[in-house]
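The next block holds one structure in the form of structure tokens; read it before the comments.
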Amino acid sequence: MRILAFVLVLTALGAGSAGATPAHHPLYMPDAQHIASPTLQPPPICCSPVGPPVAGEPDPVNMAYFGGHVQVTPKVYLVFWGWGQPGAFDHATPGMPSYDPDGAAQRMTSFIAAAGGTGWANVSTQYYETVGGQNVYIQNPSNILAGTWYDNTNPIHDNVSGLELAQEAQRAVAHFGVTDLDNSQFVIAQPQKLNEAGFNGGVGYCAWHDYTQPQYYPGVQPGISFTNMPYVLNAGAGCGENSVNTGYYAGRLDGFTIVLGHEVEETITDPGAEDVIDGQNLGGWYDYAAYENGDKCAWVGYTEGIASPSVIPGGVNDITGNDGKQYAVQSLWSNASAAGAGYCAGAGDDLPSG
Amino acid sequence: MRARVLALAVAATAVVSGIASASTSVTITSPASDSKVSLHRTPYLAIAGGATFADTSAGTTRFFLRRDGCGTTNDNPHLSVTSGTDAGDGCGLIINQVGVVGDVDQSAFIDFPASDGMPLALDGTKPISGQIALTGAQVGIAEVDVTLAALVGGQAVTIGSTTGSAVLDPRGNDTPVPFTIQPNLSLDGSDVQALDLRVQIHGPNVYSGFVSLNGASYVDMPSHAASVNESVSVSIDDPTFANAVPARLDGSSWTVAVATPAVGTHTVYARSTQGYDTSATASSTFTVTK
């Protein structure tokens, strides 16, 4: 009962903030060294009484619904922008495609194709959108990979901007002929040598997701949920390399699925990216400090190789995809875990009580 | 000291062999170009030709531990089939290691991924050997854990691991710590796409030093001069080989029988592969009659 009352208070806080328009920036996934960096925290909602998450630990307090839509039947479109462009990579691997010498694109594609229907993705099915007074819950279809596009036609360059990523997302909408934007999200994945400026500049994040609105992405079609997915291997252990699987090659791509999974699931539960436009809150689910389901469980138990991967509940771990293969993921915040107190779940190392 | 290391490097370089440089080619001898084949008399068409492959003799490929810098963003520890002077020599892999009594772990490993020498046709029937040379203020016994990981067919595999040990030379000279790894036999004949040597030092010692480079530390990989995975595939009327059939190889010749295609003009395509090398495509156009 106490917890329920608390959730109601949270919801009221969200509603109460509707009149204010917080400063906008994308919703970052800090790397393991910058998890508490003030500049990478989400825009404040209102009156937040708590500080940023403690590195390596779950961030307590349940999430609330802020009134925007969620992705009920999620469709993920992967855009590999410029991966076949000259200069996209500085190395080759025998037997691997020149446009994917580390296998990162293949791993991300396989992961998204295999994520649907898993227990990990199922964590999000407790969240909903309210339409006409009815709660419509997020589903967990077996296939959420809606398409892949190796775009080598529209040139990318190094230090690409967020606006340019949004423009590429808009091109992807046209390329795939997407009309159901509410349930669609576009991952703009960048190759090794041509990445987004903030990632290159060492701001301290691995990726971010956002929602196109004219105020923030002028000239771009509104309503596109998209992810800035840099080549996180460039950031090494800070963005998850070898964070779950030991062995130089066994864990080399861990960061790609951890970071991508973080962004994809955040977009499913909060595709509006906490935007408040003309007093209307477009955000879905997050806590009163504006942390989404991925933020609250980012890098739990991870020590950047200082010690073996943690075995604490909710820590980064391998899950089995619907293809029977293993993929490294982080856990996701579950309001229902810990008897309703909430905890990080879904990564195969949940609390004993669920 | 410098001269001694240089001499060692030269000697070591001479051992290098078996760097993959495969090349393969294929020809079609039957059906001959512009020939005619009767469908009635020949319901199955025999296709044959010749193929050449690069020498696959067994040898050893030596990979040197190298490092471009010390404490910079471009230290770049790596393996290379060539040796030379390493700017990162003298870089403290571990420092102030104290543990005369008991086994003290430096609690950090370092990866040396191969920057060249790939692909490598692994000869998994022979042991892998090498040495990690340690230099510095040192006394006691050094134990060196080495693990060889690889990428084969796009999958991460462990070739093998072991621990070598040696009594450190307190005079500060190089102490070679030899090691031998019995490779995973299931990987015999594999075409290694990428290779990494992970090194971790521990042991009951007092040590403040570094892994000696400049040719002093290396791993010898039993290998073939070129991939032992040879094949020829044949495709009818499809130069993309989307539905190719494998041919039977017998030395430098190959054969395969396919159902004779329908009456009309057809083209048979053939190509050979050796590991990750693929030949130019050979073709022969022939006519099938009733």
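Here, A, B, ... name the chains of the structure tokens in the order displayed, residue numbers run from 1 inside each chain, and ligands are numbered from 1 in the same displayed order.
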
Report the closest atom pair, with its distance in Å rounded to one decimal, for each residue of chain A that has an atom no farther than 8 Å from chain B; count only C-alpha atoms, sort by chain and then rising residue number, and write it as a tab-separated table.
```
residue	atom	partner	partner_atom	distance
A:Thr93	CA	B:Gln193	CA	6.2
A:Pro94	CA	B:Gln193	CA	5.3
A:Gly95	CA	B:Tyr276	CA	5.6
A:Met96	CA	B:Gly154	CA	7.3
A:Gly103	CA	B:Gly154	CA	7.4
A:Gly247	CA	B:Ala149	CA	6.8
A:Tyr248	CA	B:Ala149	CA	6.6
A:Tyr249	CA	B:Ala156	CA	5.2
A:Ala250	CA	B:Ala156	CA	5.0
A:Ile306	CA	B:Ala108	CA	7.5
```

Can you tell me, as a ChimeraX atom specification, what residues are no more than 8 Å from A:Gly67 when counting only C-alpha atoms, ignoring any on the same chain fewer than 3 positions away?
-> /A:129-130,281-284

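Reported to one decimal place, the separation of atom CA of A:Gln192 from atom CA of A:Trp149 is 17.1 Å.
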
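Proximity ranking of B:Ser38, B:Thr175, B:Thr85, B:Thr162 relative to B:Gly140 places B:Thr175 first, based on only C-alpha atoms.
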
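Nearest to A:Pro74 of all the residues A:Gly162, A:Pro271, A:Pro191, A:Pro352 is A:Pro271, based on only C-alpha atoms.
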
Near stretch 232-239 of chain A, counting only C-alpha atoms, which residues have an atom at most 7 Å away, once you skip same-chain residues fewer than 4 positions from it, shown as an mmCIF file with N, CA and C atoms, in the first residue's frame?
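Output file result.cif follows:
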```cif
data_model
loop_
_atom_site.group_PDB
_atom_site.id
_atom_site.type_symbol
_atom_site.label_atom_id
_atom_site.label_comp_id
_atom_site.auth_asym_id
_atom_site.auth_seq_id
_atom_site.Cartn_x
_atom_site.Cartn_y
_atom_site.Cartn_z
ATOM 1 N N ASP A 31 28.998 6.215 -19.957
ATOM 2 C CA ASP A 31 29.876 5.049 -19.892
ATOM 3 C C ASP A 31 30.184 4.737 -18.428
ATOM 4 N N ALA A 32 30.916 3.679 -18.204
ATOM 5 C CA ALA A 32 31.096 3.189 -16.840
ATOM 6 C C ALA A 32 31.857 4.166 -15.954
ATOM 7 N N GLN A 33 32.629 5.071 -16.569
ATOM 8 C CA GLN A 33 33.372 6.038 -15.743
ATOM 9 C C GLN A 33 32.583 7.315 -15.479
ATOM 10 N N GLN A 192 33.467 2.369 -37.235
ATOM 11 C CA GLN A 192 34.585 2.639 -36.334
ATOM 12 C C GLN A 192 35.155 4.058 -36.437
ATOM 13 N N CYS A 206 28.003 6.409 -23.987
ATOM 14 C CA CYS A 206 28.157 5.354 -24.977
ATOM 15 C C CYS A 206 27.149 5.509 -26.105
ATOM 16 N N SER A 243 32.905 -7.040 -20.702
ATOM 17 C CA SER A 243 32.265 -6.804 -19.406
ATOM 18 C C SER A 243 31.547 -8.037 -18.886
ATOM 19 N N GLY A 255 29.864 -4.921 -25.406
ATOM 20 C CA GLY A 255 29.342 -3.564 -25.282
ATOM 21 C C GLY A 255 28.279 -3.228 -26.308
ATOM 22 N N PHE A 256 28.405 -3.795 -27.494
ATOM 23 C CA PHE A 256 27.421 -3.469 -28.541
ATOM 24 C C PHE A 256 26.019 -3.911 -28.136
ATOM 25 N N GLU A 304 34.621 -2.908 -14.725
ATOM 26 C CA GLU A 304 35.572 -2.595 -15.805
ATOM 27 C C GLU A 304 36.806 -3.479 -15.774
#
```
